[in-house]
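Worksheet for the structure shown next.
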Amino acid sequence: MLDKPAGSEQSKDLLVIPNENAIANLEEVKPFETPRAPFVFYPMTAIDVLEQDDAIEFTVPTSVEHSKRIVSDFLTALHGAGSPISSQTEDQIVSVPFDFHPQGWWASLWSDITRLHPAKTAFSFRFSDVGGKTLVAVQFRDEQQDVEPSNWMSPAQNEDAYAVAVRLWGTIGRQLNQASAYLSNRDSASAFPVWVDHHGIFAIHLGDNVSTPELESKLNAAGIYLIPNADNMLAPVPPEDVARVGDVVDFSLPIVGSEATKSLKSIRRNLDDVSWENREYAYKIMHQKAGDFLVIDVSSMASPEVVSFHLAQRFVN
């Protein structure tokens, strides 16, 4: 033991908490507040879409100059470094060719040896004033080194081109809606039911605190069907028409030496040959500050932006 000096105070083991009196009462019970989900979707201005034989046309409620500026900025974001515009006139913008599937080193070397280079995708945007609005006609063509370019065609004939056109539709709609540009206006709801996120995937604004009967009514009005006996699954066709792995399907086999064919039965092993209309999709209802949103999972598709666009159009018309 330590010898203590005469008259010294007894030592005590105490926990000293600085500013103890300023600490709030830890025993007070407060109701738990669920953290608000981050704002994901942005409202869009209504942009009418018309698919022609050789083009996809957007009716944009703004001037030609403003439309051209939005398209130029969109191409710059799509292209990255360098100029994305090959030529530009008063009523047309033609992009440089885009390489959506870059070659590896060996493939590039082989192309240089054989002089058979892969085709790249160029876009044409024509602008015309229609009653104070702008009609934007989007086309694409394949351009290949040492080969004459193809004719201008509708983006619907190529998945990469179609995805670019769909992304442009979402970009124009979002930029024209000023509520998406100011944080102070995020509470203002858009009358257009389609909203878009920063990945180019679309969601449907359902309103506030949507009930199950209200959801079913909106789906029925859009020609969307809920899958019975399945949690949160829907399809653009009746449940009995949905293609599934394991279905027994017919396929025709040509008979040797004859123009006739023979019909055989087979079990569907995958959905590679099934169009987007005949598939089923998982969905969820996301609760955001701006309301409830229907989000359809299209991540398994080869072109999720295009399928999301097709599904969203069901709620527009």
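FYI, nothing fancy with the structure tokens labels: chains A, B, ... in order, residues from 1 per chain, ligands from 1 as they appear.
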
key: Nearby residues (only C-alpha atoms) at most 8 Å from segment 222-227 of chain A, same-chain spacing under 2 positions excluded, as a ChimeraX atom specification   = /A:216,218-220,229-239,280,314-315,317

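Using only C-alpha atoms, the nearest neighbour of His66 of chain A within the list A:Gly291, A:Pro84, A:Pro118, A:Gly132 is A:Gly132.
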
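Coordinates place atom CA of Thr121 of chain A at a distance of 15.8 Å from atom CA of Ile56 of chain A.
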
query = Residues at most 8 Å from segment 63-65 of chain A, counting only C-alpha atoms, excluding those fewer than 3 positions away in the same chain, as a VMD selection string?
reply = chain A and resid 68 to 69 127 to 129 132 to 134

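The shortest atom-to-atom distance to Trp152 of chain A, with only C-alpha atoms taken into account, belongs to A:Ser124 out of A:Ser83, A:Ser95, A:Ser124, A:Asn177.
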
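In this comparison, which uses only C-alpha atoms, the residue of A:Val295, A:Ala243, A:Val249, A:Leu15 approaching Arg279 of chain A most closely is A:Ala243.
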
Helix (DSSP H, G or I) residues, from DSSP on the backbone, in segment 91-315 of chain A, as a short mmCIF file (atom, residue, chain, number, x, y, z; two decimals) with all heavy atoms, in the first residue's frame:
```
data_model
loop_
_atom_site.label_atom_id
_atom_site.label_comp_id
_atom_site.auth_asym_id
_atom_site.auth_seq_id
_atom_site.Cartn_x
_atom_site.Cartn_y
_atom_site.Cartn_z
N TRP A 105 -8.00 -5.83 -78.97
CA TRP A 105 -6.76 -5.62 -79.72
C TRP A 105 -6.64 -6.61 -80.87
O TRP A 105 -6.31 -6.24 -81.99
CB TRP A 105 -5.55 -5.75 -78.79
CG TRP A 105 -4.26 -5.37 -79.44
CD1 TRP A 105 -3.73 -4.12 -79.55
CD2 TRP A 105 -3.34 -6.25 -80.11
NE1 TRP A 105 -2.53 -4.16 -80.23
CE2 TRP A 105 -2.27 -5.47 -80.58
CE3 TRP A 105 -3.33 -7.63 -80.35
CZ2 TRP A 105 -1.19 -6.01 -81.27
CZ3 TRP A 105 -2.26 -8.18 -81.04
CH2 TRP A 105 -1.19 -7.37 -81.49
N TRP A 106 -6.92 -7.89 -80.62
CA TRP A 106 -6.78 -8.90 -81.65
C TRP A 106 -7.79 -8.71 -82.76
O TRP A 106 -7.46 -8.84 -83.95
CB TRP A 106 -6.94 -10.30 -81.04
CG TRP A 106 -5.75 -10.75 -80.25
CD1 TRP A 106 -5.66 -10.87 -78.89
CD2 TRP A 106 -4.46 -11.09 -80.76
NE1 TRP A 106 -4.41 -11.28 -78.52
CE2 TRP A 106 -3.65 -11.43 -79.65
CE3 TRP A 106 -3.92 -11.16 -82.04
CZ2 TRP A 106 -2.32 -11.83 -79.79
CZ3 TRP A 106 -2.59 -11.57 -82.18
CH2 TRP A 106 -1.81 -11.89 -81.07
N ALA A 107 -9.02 -8.38 -82.40
CA ALA A 107 -10.05 -8.15 -83.42
C ALA A 107 -9.71 -6.93 -84.26
O ALA A 107 -9.92 -6.93 -85.49
CB ALA A 107 -11.41 -7.98 -82.76
N SER A 108 -9.16 -5.89 -83.62
CA SER A 108 -8.77 -4.70 -84.36
C SER A 108 -7.62 -5.01 -85.33
O SER A 108 -7.61 -4.53 -86.47
CB SER A 108 -8.36 -3.59 -83.38
OG SER A 108 -7.94 -2.45 -84.07
N LEU A 109 -6.67 -5.83 -84.88
CA LEU A 109 -5.56 -6.22 -85.75
C LEU A 109 -6.07 -7.02 -86.94
O LEU A 109 -5.63 -6.81 -88.08
CB LEU A 109 -4.55 -7.04 -84.95
CG LEU A 109 -3.35 -7.59 -85.73
CD1 LEU A 109 -2.52 -6.46 -86.32
CD2 LEU A 109 -2.49 -8.49 -84.84
N TRP A 110 -7.00 -7.93 -86.69
CA TRP A 110 -7.55 -8.73 -87.77
C TRP A 110 -8.29 -7.86 -88.79
O TRP A 110 -8.22 -8.10 -89.99
CB TRP A 110 -8.46 -9.81 -87.21
CG TRP A 110 -9.04 -10.72 -88.26
CD1 TRP A 110 -10.35 -10.76 -88.67
CD2 TRP A 110 -8.35 -11.69 -89.03
NE1 TRP A 110 -10.51 -11.70 -89.65
CE2 TRP A 110 -9.29 -12.29 -89.90
CE3 TRP A 110 -7.02 -12.11 -89.07
CZ2 TRP A 110 -8.94 -13.30 -90.78
CZ3 TRP A 110 -6.67 -13.11 -89.97
CH2 TRP A 110 -7.63 -13.70 -90.80
N SER A 111 -9.01 -6.85 -88.30
CA SER A 111 -9.72 -5.94 -89.21
C SER A 111 -8.73 -5.16 -90.07
O SER A 111 -8.99 -4.92 -91.26
CB SER A 111 -10.59 -4.97 -88.40
OG SER A 111 -11.64 -5.64 -87.75
N ASP A 112 -7.59 -4.76 -89.47
CA ASP A 112 -6.58 -4.05 -90.26
C ASP A 112 -5.98 -4.96 -91.33
O ASP A 112 -5.66 -4.50 -92.44
CB ASP A 112 -5.48 -3.53 -89.33
CG ASP A 112 -5.95 -2.41 -88.44
OD1 ASP A 112 -6.95 -1.77 -88.79
OD2 ASP A 112 -5.35 -2.20 -87.36
N ILE A 113 -5.81 -6.25 -91.01
CA ILE A 113 -5.23 -7.18 -91.98
C ILE A 113 -6.22 -7.47 -93.11
O ILE A 113 -5.85 -7.45 -94.30
CB ILE A 113 -4.81 -8.49 -91.27
CG1 ILE A 113 -3.68 -8.21 -90.28
CG2 ILE A 113 -4.40 -9.55 -92.29
CD1 ILE A 113 -3.31 -9.41 -89.43
N THR A 114 -7.45 -7.76 -92.75
CA THR A 114 -8.46 -8.12 -93.75
C THR A 114 -9.12 -6.92 -94.39
O THR A 114 -9.80 -7.06 -95.41
CB THR A 114 -9.54 -8.99 -93.10
OG1 THR A 114 -10.19 -8.24 -92.06
CG2 THR A 114 -8.95 -10.25 -92.51
N PRO A 155 -34.55 4.17 -86.21
CA PRO A 155 -33.82 3.53 -85.10
C PRO A 155 -34.48 2.24 -84.62
O PRO A 155 -33.81 1.43 -83.97
CB PRO A 155 -33.83 4.60 -84.01
CG PRO A 155 -33.97 5.89 -84.74
CD PRO A 155 -34.86 5.58 -85.91
N ALA A 156 -35.77 2.05 -84.93
CA ALA A 156 -36.45 0.83 -84.51
C ALA A 156 -35.84 -0.42 -85.14
O ALA A 156 -36.10 -1.54 -84.67
CB ALA A 156 -37.93 0.92 -84.84
N GLN A 157 -35.01 -0.25 -86.18
CA GLN A 157 -34.43 -1.40 -86.86
C GLN A 157 -33.10 -1.84 -86.26
O GLN A 157 -32.49 -2.79 -86.75
CB GLN A 157 -34.25 -1.08 -88.35
CG GLN A 157 -35.54 -0.73 -89.07
CD GLN A 157 -35.34 -0.50 -90.55
OE1 GLN A 157 -34.47 -1.12 -91.17
NE2 GLN A 157 -36.14 0.36 -91.15
N GLU A 159 -31.07 -2.21 -82.30
CA GLU A 159 -31.23 -2.08 -80.85
C GLU A 159 -30.40 -0.94 -80.28
O GLU A 159 -30.87 -0.19 -79.41
CB GLU A 159 -30.85 -3.39 -80.15
CG GLU A 159 -31.91 -4.48 -80.28
CD GLU A 159 -31.64 -5.64 -79.34
OE1 GLU A 159 -30.60 -5.61 -78.65
OE2 GLU A 159 -32.46 -6.57 -79.30
N ASP A 160 -29.16 -0.78 -80.74
CA ASP A 160 -28.32 0.30 -80.23
C ASP A 160 -28.90 1.66 -80.60
O ASP A 160 -28.95 2.58 -79.76
CB ASP A 160 -26.90 0.17 -80.79
CG ASP A 160 -26.18 -1.06 -80.28
OD1 ASP A 160 -26.41 -1.42 -79.11
OD2 ASP A 160 -25.41 -1.65 -81.04
N ALA A 161 -29.35 1.81 -81.84
CA ALA A 161 -29.94 3.07 -82.27
C ALA A 161 -31.25 3.35 -81.54
O ALA A 161 -31.55 4.49 -81.17
CB ALA A 161 -30.16 3.06 -83.78
N TYR A 162 -32.04 2.30 -81.34
CA TYR A 162 -33.32 2.45 -80.64
C TYR A 162 -33.07 2.92 -79.21
O TYR A 162 -33.78 3.79 -78.67
CB TYR A 162 -34.08 1.13 -80.65
CG TYR A 162 -35.58 1.27 -80.59
CD1 TYR A 162 -36.42 0.24 -81.03
CD2 TYR A 162 -36.18 2.42 -80.09
CE1 TYR A 162 -37.79 0.37 -80.98
CE2 TYR A 162 -37.57 2.55 -80.04
CZ TYR A 162 -38.36 1.52 -80.48
OH TYR A 162 -39.73 1.64 -80.44
N ALA A 163 -32.07 2.34 -78.55
CA ALA A 163 -31.75 2.73 -77.18
C ALA A 163 -31.33 4.19 -77.10
O ALA A 163 -31.70 4.91 -76.16
CB ALA A 163 -30.64 1.84 -76.62
N VAL A 164 -30.59 4.67 -78.10
CA VAL A 164 -30.19 6.08 -78.13
C VAL A 164 -31.41 6.98 -78.31
O VAL A 164 -31.55 8.02 -77.64
CB VAL A 164 -29.16 6.32 -79.24
CG1 VAL A 164 -28.93 7.81 -79.45
CG2 VAL A 164 -27.85 5.62 -78.90
N ALA A 165 -32.32 6.60 -79.20
CA ALA A 165 -33.53 7.40 -79.42
C ALA A 165 -34.39 7.46 -78.16
O ALA A 165 -34.92 8.51 -77.81
CB ALA A 165 -34.32 6.82 -80.59
N VAL A 166 -34.51 6.33 -77.47
CA VAL A 166 -35.29 6.29 -76.24
C VAL A 166 -34.65 7.16 -75.16
O VAL A 166 -35.33 7.89 -74.43
CB VAL A 166 -35.42 4.83 -75.75
CG1 VAL A 166 -35.92 4.77 -74.33
CG2 VAL A 166 -36.35 4.06 -76.68
N ARG A 167 -33.32 7.09 -75.07
CA ARG A 167 -32.61 7.90 -74.09
C ARG A 167 -32.79 9.39 -74.40
O ARG A 167 -32.92 10.21 -73.48
CB ARG A 167 -31.13 7.53 -74.10
CG ARG A 167 -30.38 7.89 -72.81
CD ARG A 167 -28.95 7.43 -72.91
NE ARG A 167 -28.85 6.05 -73.35
CZ ARG A 167 -27.73 5.51 -73.81
NH1 ARG A 167 -26.63 6.23 -73.92
NH2 ARG A 167 -27.71 4.24 -74.19
N LEU A 168 -32.80 9.74 -75.68
CA LEU A 168 -33.02 11.13 -76.07
C LEU A 168 -34.42 11.59 -75.67
O LEU A 168 -34.61 12.71 -75.21
CB LEU A 168 -32.82 11.30 -77.57
CG LEU A 168 -33.12 12.68 -78.15
CD1 LEU A 168 -32.21 13.73 -77.53
CD2 LEU A 168 -32.99 12.68 -79.67
N TRP A 169 -35.42 10.71 -75.85
CA TRP A 169 -36.80 11.04 -75.45
C TRP A 169 -36.85 11.39 -73.97
O TRP A 169 -37.46 12.39 -73.56
CB TRP A 169 -37.70 9.86 -75.76
CG TRP A 169 -39.15 10.07 -75.43
CD1 TRP A 169 -40.03 10.87 -76.11
CD2 TRP A 169 -39.89 9.47 -74.36
NE1 TRP A 169 -41.27 10.80 -75.53
CE2 TRP A 169 -41.22 9.95 -74.45
CE3 TRP A 169 -39.56 8.59 -73.35
CZ2 TRP A 169 -42.21 9.56 -73.56
CZ3 TRP A 169 -40.55 8.19 -72.46
CH2 TRP A 169 -41.86 8.68 -72.57
N GLY A 170 -36.21 10.58 -73.13
CA GLY A 170 -36.19 10.86 -71.70
C GLY A 170 -35.42 12.11 -71.36
O GLY A 170 -35.82 12.89 -70.48
N THR A 171 -34.32 12.35 -72.07
CA THR A 171 -33.51 13.54 -71.81
C THR A 171 -34.26 14.82 -72.15
O THR A 171 -34.25 15.79 -71.38
CB THR A 171 -32.20 13.47 -72.61
OG1 THR A 171 -31.46 12.31 -72.21
CG2 THR A 171 -31.36 14.71 -72.39
N ILE A 172 -34.92 14.84 -73.31
CA ILE A 172 -35.68 16.03 -73.70
C ILE A 172 -36.81 16.28 -72.70
O ILE A 172 -37.01 17.42 -72.25
CB ILE A 172 -36.24 15.87 -75.12
CG1 ILE A 172 -35.12 15.80 -76.15
CG2 ILE A 172 -37.18 17.03 -75.47
CD1 ILE A 172 -35.59 15.52 -77.57
N GLY A 173 -37.55 15.24 -72.36
CA GLY A 173 -38.66 15.41 -71.43
C GLY A 173 -38.22 15.90 -70.08
O GLY A 173 -38.87 16.74 -69.47
N ARG A 174 -37.09 15.40 -69.60
CA ARG A 174 -36.61 15.83 -68.29
C ARG A 174 -36.10 17.26 -68.32
O ARG A 174 -36.37 18.05 -67.41
CB ARG A 174 -35.49 14.89 -67.83
CG ARG A 174 -34.85 15.31 -66.52
CD ARG A 174 -33.75 14.36 -66.11
NE ARG A 174 -33.03 14.86 -64.96
CZ ARG A 174 -31.99 14.27 -64.39
NH1 ARG A 174 -31.56 13.13 -64.87
NH2 ARG A 174 -31.38 14.79 -63.34
N GLN A 175 -35.36 17.64 -69.37
CA GLN A 175 -34.79 18.98 -69.42
C GLN A 175 -35.86 20.04 -69.62
O GLN A 175 -35.71 21.17 -69.14
CB GLN A 175 -33.75 19.06 -70.53
CG GLN A 175 -32.49 18.27 -70.22
CD GLN A 175 -31.33 18.67 -71.11
OE1 GLN A 175 -31.35 19.71 -71.76
NE2 GLN A 175 -30.32 17.83 -71.16
N LEU A 176 -36.94 19.70 -70.32
CA LEU A 176 -37.99 20.68 -70.54
C LEU A 176 -38.85 20.88 -69.29
O LEU A 176 -39.54 21.89 -69.18
CB LEU A 176 -38.89 20.26 -71.70
CG LEU A 176 -38.26 20.33 -73.09
CD1 LEU A 176 -39.29 19.97 -74.16
CD2 LEU A 176 -37.69 21.72 -73.37
N GLN A 178 -38.98 22.09 -65.90
CA GLN A 178 -38.14 22.89 -65.04
C GLN A 178 -38.17 22.43 -63.59
O GLN A 178 -37.26 22.72 -62.82
CB GLN A 178 -38.56 24.36 -65.12
CG GLN A 178 -38.35 24.98 -66.49
CD GLN A 178 -36.89 24.96 -66.91
OE1 GLN A 178 -36.00 25.20 -66.10
NE2 GLN A 178 -36.63 24.66 -68.17
N ALA A 179 -39.21 21.69 -63.22
CA ALA A 179 -39.30 21.23 -61.83
C ALA A 179 -38.18 20.28 -61.49
O ALA A 179 -37.82 20.11 -60.33
CB ALA A 179 -40.65 20.55 -61.59
N SER A 180 -37.60 19.63 -62.50
CA SER A 180 -36.50 18.69 -62.23
C SER A 180 -35.18 19.41 -62.06
O SER A 180 -34.19 18.80 -61.67
CB SER A 180 -36.39 17.68 -63.36
OG SER A 180 -35.98 18.33 -64.55
N LEU A 183 -34.20 22.24 -56.82
CA LEU A 183 -34.55 21.46 -55.65
C LEU A 183 -35.80 22.00 -54.96
O LEU A 183 -36.58 21.25 -54.39
CB LEU A 183 -33.38 21.46 -54.66
CG LEU A 183 -32.09 20.79 -55.14
CD1 LEU A 183 -31.01 20.96 -54.10
CD2 LEU A 183 -32.31 19.33 -55.42
N SER A 184 -36.02 23.29 -55.03
CA SER A 184 -37.15 23.89 -54.34
C SER A 184 -38.48 23.52 -54.99
O SER A 184 -39.53 23.69 -54.39
CB SER A 184 -37.02 25.42 -54.33
OG SER A 184 -36.94 25.91 -55.66
N ASN A 185 -38.44 23.00 -56.23
CA ASN A 185 -39.68 22.68 -56.94
C ASN A 185 -39.95 21.19 -57.00
O ASN A 185 -40.83 20.75 -57.72
CB ASN A 185 -39.61 23.22 -58.39
CG ASN A 185 -39.65 24.73 -58.41
OD1 ASN A 185 -40.13 25.34 -57.47
ND2 ASN A 185 -39.13 25.31 -59.48
N THR A 212 -54.19 -0.77 -53.29
CA THR A 212 -54.12 -1.91 -54.20
C THR A 212 -55.20 -1.85 -55.29
O THR A 212 -54.90 -2.07 -56.47
CB THR A 212 -54.23 -3.22 -53.41
OG1 THR A 212 -53.15 -3.29 -52.47
CG2 THR A 212 -54.17 -4.42 -54.34
N PRO A 213 -56.47 -1.53 -54.96
CA PRO A 213 -57.47 -1.40 -56.03
C PRO A 213 -57.13 -0.30 -57.04
O PRO A 213 -57.37 -0.45 -58.24
CB PRO A 213 -58.76 -1.08 -55.27
CG PRO A 213 -58.54 -1.65 -53.90
CD PRO A 213 -57.09 -1.44 -53.62
N GLU A 214 -56.57 0.81 -56.56
CA GLU A 214 -56.19 1.89 -57.47
C GLU A 214 -55.06 1.44 -58.40
O GLU A 214 -55.06 1.77 -59.59
CB GLU A 214 -55.77 3.12 -56.68
CG GLU A 214 -56.90 3.83 -55.96
CD GLU A 214 -56.42 4.95 -55.07
OE1 GLU A 214 -55.25 4.91 -54.64
OE2 GLU A 214 -57.22 5.87 -54.80
N LEU A 215 -54.11 0.70 -57.85
CA LEU A 215 -53.02 0.19 -58.68
C LEU A 215 -53.55 -0.75 -59.75
O LEU A 215 -53.17 -0.64 -60.93
CB LEU A 215 -51.99 -0.53 -57.80
CG LEU A 215 -50.87 -1.28 -58.54
CD1 LEU A 215 -50.04 -0.31 -59.36
CD2 LEU A 215 -50.00 -2.06 -57.56
N GLU A 216 -54.43 -1.67 -59.37
CA GLU A 216 -54.99 -2.61 -60.34
C GLU A 216 -55.77 -1.88 -61.42
O GLU A 216 -55.73 -2.26 -62.59
CB GLU A 216 -55.88 -3.62 -59.61
CG GLU A 216 -55.11 -4.56 -58.70
CD GLU A 216 -56.03 -5.54 -57.99
OE1 GLU A 216 -57.26 -5.43 -58.17
OE2 GLU A 216 -55.51 -6.42 -57.26
N SER A 217 -56.49 -0.82 -61.03
CA SER A 217 -57.25 -0.05 -62.01
C SER A 217 -56.33 0.63 -63.02
O SER A 217 -56.60 0.62 -64.23
CB SER A 217 -58.11 0.99 -61.29
OG SER A 217 -58.80 1.81 -62.22
N LYS A 218 -55.22 1.21 -62.54
CA LYS A 218 -54.28 1.87 -63.45
C LYS A 218 -53.61 0.85 -64.38
O LYS A 218 -53.39 1.14 -65.56
CB LYS A 218 -53.22 2.62 -62.63
CG LYS A 218 -53.75 3.85 -61.90
CD LYS A 218 -52.67 4.52 -61.08
CE LYS A 218 -53.19 5.74 -60.34
NZ LYS A 218 -53.55 6.86 -61.22
N LEU A 219 -53.30 -0.32 -63.85
CA LEU A 219 -52.69 -1.36 -64.69
C LEU A 219 -53.67 -1.85 -65.75
O LEU A 219 -53.29 -2.03 -66.92
CB LEU A 219 -52.22 -2.52 -63.83
CG LEU A 219 -51.04 -2.26 -62.88
CD1 LEU A 219 -50.76 -3.48 -62.03
CD2 LEU A 219 -49.80 -1.86 -63.66
N ASN A 220 -54.91 -2.06 -65.37
CA ASN A 220 -55.91 -2.52 -66.34
C ASN A 220 -56.12 -1.50 -67.45
O ASN A 220 -56.27 -1.85 -68.62
CB ASN A 220 -57.22 -2.81 -65.63
CG ASN A 220 -57.14 -4.03 -64.72
OD1 ASN A 220 -56.30 -4.90 -64.93
ND2 ASN A 220 -57.98 -4.09 -63.70
N ALA A 221 -56.15 -0.21 -67.07
CA ALA A 221 -56.34 0.84 -68.06
C ALA A 221 -55.18 0.90 -69.05
O ALA A 221 -55.36 1.31 -70.20
CB ALA A 221 -56.50 2.19 -67.37
N PRO A 239 -52.10 -13.53 -68.47
CA PRO A 239 -51.20 -14.53 -67.86
C PRO A 239 -51.09 -15.82 -68.66
O PRO A 239 -50.01 -16.43 -68.72
CB PRO A 239 -51.82 -14.77 -66.49
CG PRO A 239 -52.57 -13.51 -66.18
CD PRO A 239 -53.07 -13.01 -67.50
N GLU A 240 -52.18 -16.24 -69.31
CA GLU A 240 -52.12 -17.50 -70.05
C GLU A 240 -51.27 -17.39 -71.32
O GLU A 240 -50.89 -18.40 -71.91
CB GLU A 240 -53.52 -17.96 -70.42
CG GLU A 240 -54.32 -16.99 -71.27
CD GLU A 240 -55.11 -15.99 -70.45
OE1 GLU A 240 -54.82 -15.86 -69.24
OE2 GLU A 240 -56.03 -15.37 -71.01
N ASP A 241 -50.96 -16.17 -71.76
CA ASP A 241 -50.15 -15.98 -72.97
C ASP A 241 -48.68 -15.72 -72.66
O ASP A 241 -47.88 -15.53 -73.59
CB ASP A 241 -50.70 -14.81 -73.79
CG ASP A 241 -52.09 -15.09 -74.33
OD1 ASP A 241 -52.43 -16.27 -74.50
OD2 ASP A 241 -52.85 -14.11 -74.58
N TRP A 276 -40.48 -9.00 -75.92
CA TRP A 276 -40.72 -8.36 -74.63
C TRP A 276 -42.19 -8.41 -74.25
O TRP A 276 -42.53 -8.46 -73.06
CB TRP A 276 -40.24 -6.90 -74.67
CG TRP A 276 -41.07 -6.01 -75.57
CD1 TRP A 276 -40.84 -5.77 -76.89
CD2 TRP A 276 -42.23 -5.28 -75.20
NE1 TRP A 276 -41.79 -4.93 -77.38
CE2 TRP A 276 -42.67 -4.59 -76.37
CE3 TRP A 276 -42.94 -5.12 -74.03
CZ2 TRP A 276 -43.79 -3.78 -76.37
CZ3 TRP A 276 -44.07 -4.29 -74.03
CH2 TRP A 276 -44.47 -3.63 -75.19
N GLU A 277 -43.10 -8.43 -75.24
CA GLU A 277 -44.53 -8.43 -74.91
C GLU A 277 -44.98 -9.71 -74.23
O GLU A 277 -45.94 -9.70 -73.46
CB GLU A 277 -45.37 -8.23 -76.18
CG GLU A 277 -45.21 -6.86 -76.79
CD GLU A 277 -44.69 -6.94 -78.20
OE1 GLU A 277 -43.80 -7.76 -78.46
OE2 GLU A 277 -45.18 -6.16 -79.03
N ASN A 278 -44.34 -10.82 -74.52
CA ASN A 278 -44.78 -12.12 -74.01
C ASN A 278 -44.03 -12.56 -72.76
O ASN A 278 -44.07 -13.74 -72.41
CB ASN A 278 -44.64 -13.18 -75.10
CG ASN A 278 -45.56 -12.91 -76.28
OD1 ASN A 278 -46.66 -12.42 -76.12
ND2 ASN A 278 -45.10 -13.24 -77.47
N PRO A 304 -32.62 -2.86 -71.83
CA PRO A 304 -33.58 -2.49 -70.78
C PRO A 304 -34.24 -1.14 -71.01
O PRO A 304 -35.42 -0.96 -70.70
CB PRO A 304 -32.73 -2.49 -69.50
CG PRO A 304 -31.31 -2.40 -69.96
CD PRO A 304 -31.26 -3.08 -71.28
N GLU A 305 -33.51 -0.17 -71.59
CA GLU A 305 -34.10 1.15 -71.83
C GLU A 305 -35.25 1.05 -72.83
O GLU A 305 -36.29 1.70 -72.66
CB GLU A 305 -33.03 2.11 -72.36
CG GLU A 305 -31.97 2.46 -71.34
CD GLU A 305 -30.79 3.17 -71.97
OE1 GLU A 305 -30.39 2.78 -73.08
OE2 GLU A 305 -30.27 4.12 -71.36
N VAL A 306 -35.07 0.25 -73.87
CA VAL A 306 -36.11 0.12 -74.89
C VAL A 306 -37.35 -0.56 -74.33
O VAL A 306 -38.48 -0.11 -74.55
CB VAL A 306 -35.57 -0.67 -76.10
CG1 VAL A 306 -36.68 -0.93 -77.11
CG2 VAL A 306 -34.42 0.10 -76.76
N VAL A 307 -37.16 -1.64 -73.57
CA VAL A 307 -38.31 -2.33 -72.97
C VAL A 307 -39.01 -1.44 -71.97
O VAL A 307 -40.25 -1.40 -71.91
CB VAL A 307 -37.84 -3.65 -72.32
CG1 VAL A 307 -39.02 -4.35 -71.64
CG2 VAL A 307 -37.22 -4.56 -73.36
N SER A 308 -38.24 -0.71 -71.16
CA SER A 308 -38.84 0.22 -70.20
C SER A 308 -39.66 1.29 -70.92
O SER A 308 -40.74 1.68 -70.47
CB SER A 308 -37.74 0.88 -69.36
OG SER A 308 -38.29 1.77 -68.41
N PHE A 309 -39.16 1.74 -72.07
CA PHE A 309 -39.88 2.73 -72.88
C PHE A 309 -41.20 2.15 -73.39
O PHE A 309 -42.24 2.80 -73.31
CB PHE A 309 -38.99 3.16 -74.04
CG PHE A 309 -39.69 3.96 -75.10
CD1 PHE A 309 -39.97 5.31 -74.91
CD2 PHE A 309 -40.07 3.37 -76.31
CE1 PHE A 309 -40.61 6.06 -75.89
CE2 PHE A 309 -40.71 4.10 -77.29
CZ PHE A 309 -40.98 5.45 -77.08
N HIS A 310 -41.17 0.93 -73.92
CA HIS A 310 -42.39 0.30 -74.44
C HIS A 310 -43.43 0.14 -73.34
O HIS A 310 -44.62 0.40 -73.55
CB HIS A 310 -42.05 -1.06 -75.05
CG HIS A 310 -41.38 -0.98 -76.38
ND1 HIS A 310 -41.86 -0.21 -77.42
CD2 HIS A 310 -40.25 -1.58 -76.86
CE1 HIS A 310 -41.07 -0.34 -78.47
NE2 HIS A 310 -40.09 -1.17 -78.15
N LEU A 311 -43.00 -0.30 -72.17
CA LEU A 311 -43.94 -0.48 -71.06
C LEU A 311 -44.50 0.86 -70.60
O LEU A 311 -45.69 0.97 -70.29
CB LEU A 311 -43.24 -1.20 -69.91
CG LEU A 311 -42.86 -2.66 -70.16
CD1 LEU A 311 -41.97 -3.19 -69.04
CD2 LEU A 311 -44.10 -3.53 -70.31
N ALA A 312 -43.65 1.88 -70.56
CA ALA A 312 -44.11 3.21 -70.12
C ALA A 312 -45.14 3.78 -71.10
O ALA A 312 -46.08 4.48 -70.68
CB ALA A 312 -42.92 4.16 -69.97
N GLN A 313 -44.98 3.49 -72.40
CA GLN A 313 -45.91 4.02 -73.39
C GLN A 313 -47.32 3.47 -73.19
O GLN A 313 -48.30 4.09 -73.61
CB GLN A 313 -45.42 3.68 -74.79
CG GLN A 313 -44.21 4.47 -75.25
CD GLN A 313 -44.44 5.97 -75.27
OE1 GLN A 313 -45.41 6.45 -75.83
NE2 GLN A 313 -43.58 6.72 -74.62
#
```

inquiry  = Considering only strand (DSSP E) as DSSP defines it on the backbone, what residues of segment 14-233 of chain A qualify? List them as number ranges by chain.
reply    = A: 42-43, 48-51, 56-60, 85-88, 92-95, 120-130, 133-143, 194-196, 202-207, 225-226, 233

task = Choose the residue, out of A:Met153, A:Asp272, A:Phe125, A:Val40, that has the smallest atom-to-atom separation from Ser72 of chain A; count only C-alpha atoms.
result = A:Phe125

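From atom CA of Leu116 of chain A back to atom CA of Gly104 of chain A, the distance works out to 14.6 Å.
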
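You will find atom CA of Val138 of chain A at 17.5 Å from atom CA of Ala46 of chain A.
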